[in-house]
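Enquirer: For reference, the structure I am asking about is given below.
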Amino acid sequence: MKPSVNMLIAGTQLWARKRQSFIAMLGVLFGIAMFIFMISFMKGVNNYIQDTMLASIPDIHIYNDIRTDYASSVTGDWLRNDPAKMIVVHHPRPEKVRLNLKNADAIISDLRQQSEVNVVSPLLSTQVFFNYGSVQLNGILDGVNIIEEARLFGLHDRMMTGRPEDLLTTDKGILLGQGLADKLNVRRGDLVTLATPEGTSMRFRVVGTFAFGLSTVDNTKAYVSLSGVQQLLAKNHDYITDIRIKLRNINNAKGLAIFFGKRYGYKAEDWESTNPSIKTGNLIRDTLTWVVSLTLLTVAGFGIYNIMNMVIASKMKDIAILKAQGFDGRDIRTIFLSQSLVIGVLGAGLGLLLGFLLSYGLSKVPFPQTEFTFMKFFPVVFESRYYFFGAGFGILTTFLAGVLPARKAARVDPVTILRG
Amino acid sequence: MKETILEVAHLNKSFPGPEPFHVLKDISLSVQKGEFITIIGKSGCGKSTLLYLLSTLDTAYEGTITINGTRVTGLKEHDLAKFRNEHIGFVFQFHFLLPEFTVLQNIMIPAMKLGQLSREAIEYNAMEKLTQMGIRDIALKPSGKLSGGQQQRVAIARALINNPGIIMADEPTGNLDSANTQVIFNIFQELSRQGNTILAVTHDRDFAGRSDRIIEMMDGRITNTHGVPVT
């Protein structure tokens, strides 16, 4: 099928001013390419930051929150059954409570039955002082079932020296955060002394070091077996303060946390509530990306608007001739609008290609390596929906930018131009 | 046998403004099929304005215009455009070709717009018209690279492509040297001899002298008519 006469005219005119059309197209091309590039990179950064932060945070955390029941008091007990008296206790102190989960074993085995749950890792954590030589450092000691813990946080990928399983094969072994190990200047095989705030102390042998890429973790945390901490704190072998859960789908965390909290009667927190800054950071970066990208596309739209206006100003004579020969306003509008759209569609297509190439290129650029980064290359995501959106928005912009000049062209009065 | 192709009754037109200018005053006129009519008069007498009203491009007037039995007064823009395409062929003072297209394409465009023939048939017709104008050899040249006389002949060929009921020309020789003016004169005379209806505005009395009827205008009125309408 041959193109209609309107399309023939539009195409010929567009081709006759290749340079101008090409430059107008470059505007759209770069706008869309930058949109694709920025959004792919920003989404990659978001994912990376989320992954890094969630690396040391379980999807759901079940623990015993400190709650003291202030409704009863010794005085109240003493004066009980006397409704005439009102008892006011000023500024009561929280009583010493046992923070453990009382039926931890039952909860754990129940959790393992849940289809949504992937990993269940019990924890007994305490503050300790690490002593090596004359150095004394404050830190956190996590007593865990290292097999579960390794599955929970992917410890195998984070070991700098040794393996998580070494904790099982060594009597009183300990895994230290890399930062902590550096500060203490200990290596695999060295002995460190751990002291609790209660005053008890024990010696552990370093079997490995790990790094999460988060200084708060790597500078303070150490892993020993559950029984190691239970011994250190002089507790029973069923004394557990926390249960951490990894879900099959992280997005279900919120609802399941509420469900588990009700089911077991302990506080259950999902990762979003624990770390609202992850969501905030994502939102800010997303907003920035969209604002900048849409601005670029809008600027490209204004570029097309300008060029089409110039084209129409220089084509007044041709418009008058066409009208005199029987083309009506709608034909003229179609001719000029289709020129804008050709520019838009070509610009969008090539822009997507350039955007993809730039993103692909960046995803192959090595990320500057430091001790705590686990990224080999710049983070970039490739998602087709951004490509669809970029193309759609780019074409829409050029359409809008073309409508006004095309309408102006359609309204040209041929008489004033033909009479000269 | 008289057949009226153009009938004009009581045309009035004013240019609005702080002092409205009454440019056409109660013009009535009728043109028979096959007539070659020229309208002459000094510049500013309203002859070009009249032509543009008759061409249906200018619609701001009082009175009625009927062309080929169709009352064009009051028709919508879209219908007027369609009507022009089919029934009116234009030749302008400035040759006004579309510079991006070849000579052949320029001539074909009105016929492609009309859309009654296949592209091959249109091309054949366009070549016929070019032969008639004696410029068959320049068919594939870009129209921007022609001399003034060639351009005007292309413009005439374009005006003829849809076999219009009436050919209108606004100072068709106004921008040409004397040799080319002579060529265009001859073409118009030949077209007239072949039975085409021609209505041309000119200030060239030699040109007017070759027409069947001369309409003289002054200050927006028809003051004199020479020649006998063709019967």
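Starting from 1 in every chain, residues are counted up; chains themselves are A, B, ... following the order of the structure tokens, and ligands are numbered from 1 as listed.
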With a cut-off of 7 Å and counting only C-alpha atoms, select all residues of chain B in contact with chain A and give the selection as a list in words.

Expert: Tyr52, Leu57, Asp58, Glu77, His78, Ala81, Lys82, Arg84, Asn85, Phe96, Leu98, Glu100, Ile109, Pro110, Met112 and Lys113 of chain B

Enquirer: So, counting only C-alpha atoms, which residue among B:Ile67, B:Leu51, B:Ile156, B:Ile27 is closest to Thr4 (chain B)?

Expert: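 Answer, going by the shortest atom-to-atom distance: B:Ile67.
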